[in-house]
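Here's the structure we're looking at; comments come further down.
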2 protein chains.
Amino acid sequence: MNLPEYVAAQRERIDRTLDRLLPVPEGAARTVCAAMRHAVLGGGKRLRPILVLAGHEACGGMGDEILEPASALELIHTYSLIHDDLPAMDDDDLRRGLPTVHRVFGEAAAILAGDALLTLAFEILARSPAGEASAARRAEAVVIAARGAGVDGMVGGQIADLEAEHRRVGAESLRWIHRHKTGALISACCEIGALHAGADAAQRAALARYGQGLGLAFQIADDLLDRTGSREALGKTPGKDQRSGKATYPALFGAEASRRAASSLVGDATAGLRDAGLLTAPLQSLAEYAVTRTG
Amino acid sequence: MNLPEYVAAQRERIDRTLDRLLPVPEGAARTVCAAMRHAVLGGGKRLRPILVLAGHEACGGMGDEILEPASALELIHTYSLIHDDLPAMDDDDLRRGLPTVHRVFGEAAAILAGDALLTLAFEILARSPAGEASAARRAEAVVIAARGAGVDGMVGGQIADLEAEHRRVGAESLRWIHRHKTGALISACCEIGALHAGADAAQRAALARYGQGLGLAFQIADDLLDRTGSREALGKTPGKDQRSGKATYPALFGAEASRRAASSLVGDATAGLRDAGLLTAPLQSLAEYAVTRTG
């Protein structure tokens, strides 16, 4: 398995789809559309949509019909970054190697661009792939994505993360935050890929669990990179967690134990998929990448 | 037709549904759930969900299955109020007679509460009414609501509205802003009510047009009330439009011509429904109320 080649090929398919989904029309809504494009097309690993594609393939899915749903998950991720970077939240100037949306377009446009990306994501999930036959799956994809993104998922994790700043947070709470802030949406990605491939309930559950484990491992790696990574490699400002007194794995357990925890999570995630007969080479490699990446 | 009685009865059904849809669990997401409830259950006319119900009835729909989709539209409306009131947007302290969400819970929680309400709205639209038979309608309801709320609807109108502050805006641009900021989501409400009653394309289009006209008239009435209404009657701070140099109907055309324009829009809206055989007493009365209301 050559992961960089696989990722590059899938990334190109996703980027072409995102480009098509985000036109900047003339007229009064121009600013917000430009802000949406700036945030989405400025870069990014595309881990979440690639996991949709990989989950889809693992369950026998083929073709391009999954590209729009996969791209919708990237829109949800990007909306969360825009709002997270706002002055009232993490107050960040740099994202994906570019000035953050509110820095370029102002705070009001950044709030609205995030809102519009979230809204567009659900529109895409509800209409794509087209056809009466897939209607039940489309409706279910909206439900899965919304649960991953809402108060029982990402938003719940974000508020808990903010409230944990400058407070003593135990291991249990930190795991809860990471599972919700990062794991829930990644888990939804894997499950939506499976759903649109016609996977059964057991397959969907296995992919959702894999996504949950990979997501938690990915967030631990993120915590580690915030301490050791460079501005260039990360495309965002490193060292922010420590300055804002954020609860992180390395702060709580130390770097070495955090690395071991991430590896162990990835081992469990892939073992679960192997048992379900769904451990493809890309899903194996993506799990390893989540913890070995340098940016 | 006794409109106050009709509205009171429908409002109670909606408020009961909203109350059930917005629990405040113990645990880490508590703050954001409390902020969501504060914003949604603090009051409000419930015009949008009542229009979903009235559109549903006009097309022969019956029963309680429409209550959750109708309530979802109120969640979308409320999310837009929370974000609109933020310091970076309209910077408002009072809404529905209560301190705004960011005043009570802080800006970060207000941003996230808005995000979570929008997300929950789409989850509800995608899962309710339950059952395989309604899946295509649920998916379509998500699409209609998203178009009404996104860059081609409400968000597009909001950014144009913000950018029009302290600038000369012509009649054409002002109509565009109002149609998008307010008309698009109200139109979506009427159409979703029809959709779930099994209405055909012509009926849906007639209700969508009625909603568009009523929405524009409602916004003109809003502009007029901002000049003449009291803090108590409006539940928000009056006089804001003038202070922030907002483009409004009375500023552009004067109060009297604005009132005539609103009446004329309502006349056209109800005439269109009458032609389509869908002008029920509630839809007639709601259109009149939109322009004669005092709060």
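Residue numbering restarts at 1 for every chain of the structure tokens, chains are lettered A, B, ... in their displayed order, and ligands are numbered from 1 as they appear.
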
Open item on the list: Please check the contacts: residues of chain B at most 6 Å away from chain A, using only C-alpha atoms, listed as JSON, numbers by chain.
Closed with: {"B": [28, 29, 88, 89, 107, 108, 116, 119, 123, 126, 135, 136, 139, 143, 146, 150, 156, 160]}

Open item on the list: With only C-alpha atoms as the counted atoms, please give the residues lying no more than 8 Å from Leu234 in chain A, apart from itself and same-chain residues fewer than 5 positions off, as a count of residues only.
Closed with: 6

Task: range 236-249 of chain A surroundings by only C-alpha atoms, 8 Å radius, close-in-sequence under 2 positions cut, as a PyMOL selection string - done: chain A and resi 92-97+161-162+164-169+174+220+223-232+234+251-255+258

What would the file look like if the residues just selected were written as a tab-separated table (two decimals), in the first residue's frame with N, CA and C atoms?
chain	number	residue	atom	x	y	z
A	92	ASP	N	-7.52	32.53	16.66
A	92	ASP	CA	-6.34	32.12	15.90
A	92	ASP	C	-6.21	32.93	14.61
A	93	ASP	N	-4.96	33.17	14.23
A	93	ASP	CA	-4.69	33.99	13.04
A	93	ASP	C	-4.34	33.16	11.82
A	94	LEU	N	-3.97	31.91	12.04
A	94	LEU	CA	-3.42	31.11	10.96
A	94	LEU	C	-4.10	29.74	10.93
A	95	ARG	N	-4.48	29.30	9.72
A	95	ARG	CA	-5.14	28.01	9.58
A	95	ARG	C	-4.82	27.48	8.20
A	96	ARG	N	-4.37	26.25	8.15
A	96	ARG	CA	-4.02	25.65	6.86
A	96	ARG	C	-3.02	26.53	6.10
A	97	GLY	N	-2.15	27.18	6.87
A	97	GLY	CA	-1.10	28.00	6.26
A	97	GLY	C	-1.58	29.34	5.74
A	161	ASP	N	-14.34	21.45	25.93
A	161	ASP	CA	-12.93	21.82	25.76
A	161	ASP	C	-12.69	23.26	26.21
A	162	LEU	N	-13.56	24.18	25.80
A	162	LEU	CA	-13.42	25.58	26.21
A	162	LEU	C	-13.55	25.73	27.72
A	164	ALA	N	-12.86	23.60	29.90
A	164	ALA	CA	-11.77	22.92	30.62
A	164	ALA	C	-10.50	23.75	30.67
A	165	GLU	N	-10.47	24.87	29.92
A	165	GLU	CA	-9.26	25.70	29.92
A	165	GLU	C	-8.95	26.20	31.33
A	166	HIS	N	-7.68	26.11	31.69
A	166	HIS	CA	-7.20	26.60	32.99
A	166	HIS	C	-7.90	25.92	34.17
A	167	ARG	N	-8.37	24.71	33.93
A	167	ARG	CA	-8.93	23.94	35.05
A	167	ARG	C	-8.27	22.57	35.07
A	168	ARG	N	-8.25	21.95	36.22
A	168	ARG	CA	-7.73	20.59	36.31
A	168	ARG	C	-8.75	19.64	35.71
A	169	VAL	N	-8.31	18.87	34.72
A	169	VAL	CA	-9.22	17.94	34.05
A	169	VAL	C	-8.65	16.54	34.19
A	174	LEU	N	-10.99	14.21	29.84
A	174	LEU	CA	-10.22	14.50	28.64
A	174	LEU	C	-10.59	13.54	27.50
A	220	ILE	N	-4.98	12.87	19.85
A	220	ILE	CA	-3.79	12.77	20.71
A	220	ILE	C	-2.56	13.20	19.92
A	223	ASP	N	-2.47	16.88	19.73
A	223	ASP	CA	-1.96	17.45	20.99
A	223	ASP	C	-0.43	17.40	21.01
A	224	LEU	N	0.13	16.27	20.57
A	224	LEU	CA	1.59	16.12	20.57
A	224	LEU	C	2.22	17.09	19.57
A	225	LEU	N	1.61	17.22	18.40
A	225	LEU	CA	2.16	18.11	17.37
A	225	LEU	C	2.09	19.57	17.80
A	226	ASP	N	1.06	19.91	18.57
A	226	ASP	CA	0.96	21.29	19.05
A	226	ASP	C	2.18	21.65	19.90
A	227	ARG	N	2.82	20.63	20.52
A	227	ARG	CA	4.01	20.88	21.35
A	227	ARG	C	5.29	20.89	20.53
A	228	THR	N	5.33	20.03	19.48
A	228	THR	CA	6.61	19.80	18.81
A	228	THR	C	6.63	20.26	17.36
A	229	GLY	N	5.46	20.46	16.75
A	229	GLY	CA	5.41	20.77	15.33
A	229	GLY	C	5.76	22.23	15.04
A	230	SER	N	6.08	22.50	13.77
A	230	SER	CA	6.39	23.86	13.37
A	230	SER	C	5.16	24.51	12.73
A	231	ARG	N	5.17	25.83	12.74
A	231	ARG	CA	4.14	26.63	12.08
A	231	ARG	C	3.97	26.21	10.61
A	232	GLU	N	5.11	25.93	9.95
A	232	GLU	CA	5.07	25.58	8.52
A	232	GLU	C	4.42	24.21	8.31
A	234	LEU	N	2.46	22.53	10.34
A	234	LEU	CA	1.09	22.43	10.83
A	234	LEU	C	0.13	23.35	10.08
A	251	ALA	N	-0.09	16.91	28.35
A	251	ALA	CA	-0.08	17.64	29.62
A	251	ALA	C	-0.45	16.73	30.78
A	252	LEU	N	-1.34	15.80	30.50
A	252	LEU	CA	-1.86	14.94	31.57
A	252	LEU	C	-1.00	13.69	31.80
A	253	PHE	N	-0.55	13.10	30.69
A	253	PHE	CA	0.13	11.80	30.78
A	253	PHE	C	1.60	11.85	30.39
A	254	GLY	N	2.07	12.97	29.81
A	254	GLY	CA	3.43	13.02	29.27
A	254	GLY	C	3.43	12.54	27.82
A	255	ALA	N	4.47	12.93	27.08
A	255	ALA	CA	4.53	12.66	25.64
A	255	ALA	C	4.62	11.16	25.36
A	258	SER	N	1.45	9.27	25.96
A	258	SER	CA	0.45	9.70	24.98
A	258	SER	C	0.67	8.98	23.66

TODO: Do a neighbour search on range 281-289 of chain A at 9 Å with only C-alpha atoms, toss out local chain neighbours closer than 5 positions, and write the hits as JSON, numbers by chain.
DONE: {"A": [1, 2, 3, 6, 7, 47, 51, 54, 55, 58, 210, 211, 213, 214, 217, 218, 263, 266, 267, 269, 270, 273]}

For the residues selected in the previous step, produce a file with N, CA and C atoms as a PDB file, in the first residue's frame.
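Full text of result-v2.pdb as output:
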ATOM      1  N   MET A   1       0.839  -1.212   0.000  1.00  0.00           N
ATOM      2  CA  MET A   1       0.000   0.000   0.000  1.00  0.00           C
ATOM      3  C   MET A   1       0.868   1.253   0.000  1.00  0.00           C
ATOM      4  N   ASN A   2       0.769   2.040  -1.036  1.00  0.00           N
ATOM      5  CA  ASN A   2       1.456   3.330  -1.067  1.00  0.00           C
ATOM      6  C   ASN A   2       0.474   4.414  -0.629  1.00  0.00           C
ATOM      7  N   LEU A   3       0.493   4.741   0.671  1.00  0.00           N
ATOM      8  CA  LEU A   3      -0.515   5.670   1.191  1.00  0.00           C
ATOM      9  C   LEU A   3      -0.442   7.054   0.549  1.00  0.00           C
ATOM     10  N   TYR A   6      -2.223   6.947  -2.720  1.00  0.00           N
ATOM     11  CA  TYR A   6      -3.661   6.772  -2.513  1.00  0.00           C
ATOM     12  C   TYR A   6      -4.292   8.085  -2.055  1.00  0.00           C
ATOM     13  N   VAL A   7      -3.676   8.702  -1.051  1.00  0.00           N
ATOM     14  CA  VAL A   7      -4.208   9.947  -0.498  1.00  0.00           C
ATOM     15  C   VAL A   7      -4.218  11.046  -1.559  1.00  0.00           C
ATOM     16  N   LEU A  47      -8.640  14.427   5.502  1.00  0.00           N
ATOM     17  CA  LEU A  47      -8.735  13.125   6.167  1.00  0.00           C
ATOM     18  C   LEU A  47     -10.177  12.639   6.230  1.00  0.00           C
ATOM     19  N   LEU A  51     -11.705   9.304   4.513  1.00  0.00           N
ATOM     20  CA  LEU A  51     -12.241   8.195   5.313  1.00  0.00           C
ATOM     21  C   LEU A  51     -13.632   7.778   4.833  1.00  0.00           C
ATOM     22  N   ALA A  54     -12.794   5.664   1.832  1.00  0.00           N
ATOM     23  CA  ALA A  54     -12.175   4.391   2.207  1.00  0.00           C
ATOM     24  C   ALA A  54     -13.194   3.459   2.876  1.00  0.00           C
ATOM     25  N   GLY A  55     -14.073   4.024   3.693  1.00  0.00           N
ATOM     26  CA  GLY A  55     -15.126   3.228   4.323  1.00  0.00           C
ATOM     27  C   GLY A  55     -16.093   2.681   3.277  1.00  0.00           C
ATOM     28  N   ALA A  58     -14.386  -0.137   1.392  1.00  0.00           N
ATOM     29  CA  ALA A  58     -14.246  -1.336   2.226  1.00  0.00           C
ATOM     30  C   ALA A  58     -15.528  -2.160   2.237  1.00  0.00           C
ATOM     31  N   TYR A 210     -14.197   1.942  14.408  1.00  0.00           N
ATOM     32  CA  TYR A 210     -12.864   2.233  13.856  1.00  0.00           C
ATOM     33  C   TYR A 210     -12.653   3.745  13.804  1.00  0.00           C
ATOM     34  N   GLY A 211     -13.642   4.475  13.305  1.00  0.00           N
ATOM     35  CA  GLY A 211     -13.537   5.935  13.197  1.00  0.00           C
ATOM     36  C   GLY A 211     -13.394   6.583  14.556  1.00  0.00           C
ATOM     37  N   GLY A 213     -12.032   5.250  17.260  1.00  0.00           N
ATOM     38  CA  GLY A 213     -10.670   4.995  17.747  1.00  0.00           C
ATOM     39  C   GLY A 213      -9.638   5.812  16.995  1.00  0.00           C
ATOM     40  N   LEU A 214      -9.755   5.819  15.674  1.00  0.00           N
ATOM     41  CA  LEU A 214      -8.826   6.608  14.864  1.00  0.00           C
ATOM     42  C   LEU A 214      -8.938   8.089  15.218  1.00  0.00           C
ATOM     43  N   ALA A 217      -7.183   8.798  18.488  1.00  0.00           N
ATOM     44  CA  ALA A 217      -5.729   8.719  18.256  1.00  0.00           C
ATOM     45  C   ALA A 217      -5.242   9.956  17.492  1.00  0.00           C
ATOM     46  N   PHE A 218      -6.013  10.377  16.503  1.00  0.00           N
ATOM     47  CA  PHE A 218      -5.679  11.551  15.701  1.00  0.00           C
ATOM     48  C   PHE A 218      -5.597  12.798  16.580  1.00  0.00           C
ATOM     49  N   SER A 263      -1.021   4.750  19.749  1.00  0.00           N
ATOM     50  CA  SER A 263      -0.711   3.519  19.020  1.00  0.00           C
ATOM     51  C   SER A 263      -1.659   2.397  19.417  1.00  0.00           C
ATOM     52  N   VAL A 266      -5.045   2.855  17.810  1.00  0.00           N
ATOM     53  CA  VAL A 266      -5.011   2.525  16.390  1.00  0.00           C
ATOM     54  C   VAL A 266      -4.955   1.005  16.207  1.00  0.00           C
ATOM     55  N   GLY A 267      -4.216   0.329  17.095  1.00  0.00           N
ATOM     56  CA  GLY A 267      -4.166  -1.136  17.053  1.00  0.00           C
ATOM     57  C   GLY A 267      -5.548  -1.742  17.276  1.00  0.00           C
ATOM     58  N   ALA A 269      -8.423  -0.232  16.812  1.00  0.00           N
ATOM     59  CA  ALA A 269      -9.326   0.168  15.731  1.00  0.00           C
ATOM     60  C   ALA A 269      -9.168  -0.767  14.533  1.00  0.00           C
ATOM     61  N   THR A 270      -7.924  -1.057  14.172  1.00  0.00           N
ATOM     62  CA  THR A 270      -7.714  -1.917  13.000  1.00  0.00           C
ATOM     63  C   THR A 270      -8.070  -3.370  13.336  1.00  0.00           C
ATOM     64  N   LEU A 273     -11.739  -3.863  12.843  1.00  0.00           N
ATOM     65  CA  LEU A 273     -12.097  -3.950  11.422  1.00  0.00           C
ATOM     66  C   LEU A 273     -11.694  -5.303  10.835  1.00  0.00           C
TER      67      LEU A 273
END

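Nearest-residue note for Leu67 in chain A: choosing from A:Glu191, A:Glu172, A:Glu12, A:Asp268, the minimum distance belongs to A:Glu12, counting only C-alpha atoms.
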
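Our summary of the geometry notes that CA of Ile76 in chain B is positioned 28.5 Å from CA of Ala271 in chain B.
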
- [ ] as number ranges by chain, please: all residues of range 16-214 of chain B that backbone DSSP puts in strand (DSSP E).
- [x] B: 94-95, 98-99

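In this structure, CA of Arg209 in chain B sits 21.2 Å away from CA of Ser71 in chain B.
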
TODO: Please measure the separation of CA of Pro129 in chain B and CA of Glu65 in chain B, giving the value in Å to one decimal.
DONE: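 Taking CA of Pro129 in chain B as the start and CA of Glu65 in chain B as the end point, the length is 5.6 Å.
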
TODO: May I have the residues within 9 Å of His38 in chain A as an MDAnalysis selection string, using only C-alpha atoms and disregarding those fewer than 5 positions away in the same chain?
DONE: chainID A and resid 33 43 98 100:101

Can you write out the residues you just picked, keeping N, CA and C atoms, as a PDB file, in the first residue's frame?
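Final output, saved to selection-v8.pdb:
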ATOM      1  N   CYS A  33     -19.528  33.815   0.048  1.00  0.00           N
ATOM      2  CA  CYS A  33     -19.092  32.706  -0.822  1.00  0.00           C
ATOM      3  C   CYS A  33     -17.568  32.697  -0.959  1.00  0.00           C
ATOM      4  N   GLY A  43      -6.557  24.566   1.552  1.00  0.00           N
ATOM      5  CA  GLY A  43      -5.671  23.455   1.902  1.00  0.00           C
ATOM      6  C   GLY A  43      -6.376  22.502   2.840  1.00  0.00           C
ATOM      7  N   LEU A  98      -2.828  29.681   5.962  1.00  0.00           N
ATOM      8  CA  LEU A  98      -3.378  30.954   5.477  1.00  0.00           C
ATOM      9  C   LEU A  98      -3.941  31.744   6.656  1.00  0.00           C
ATOM     10  N   THR A 100      -6.662  33.236   8.945  1.00  0.00           N
ATOM     11  CA  THR A 100      -7.998  32.698   9.211  1.00  0.00           C
ATOM     12  C   THR A 100      -9.072  33.579   8.561  1.00  0.00           C
ATOM     13  N   VAL A 101     -10.260  33.004   8.404  1.00  0.00           N
ATOM     14  CA  VAL A 101     -11.337  33.680   7.666  1.00  0.00           C
ATOM     15  C   VAL A 101     -11.678  35.039   8.272  1.00  0.00           C
TER      16      VAL A 101
END
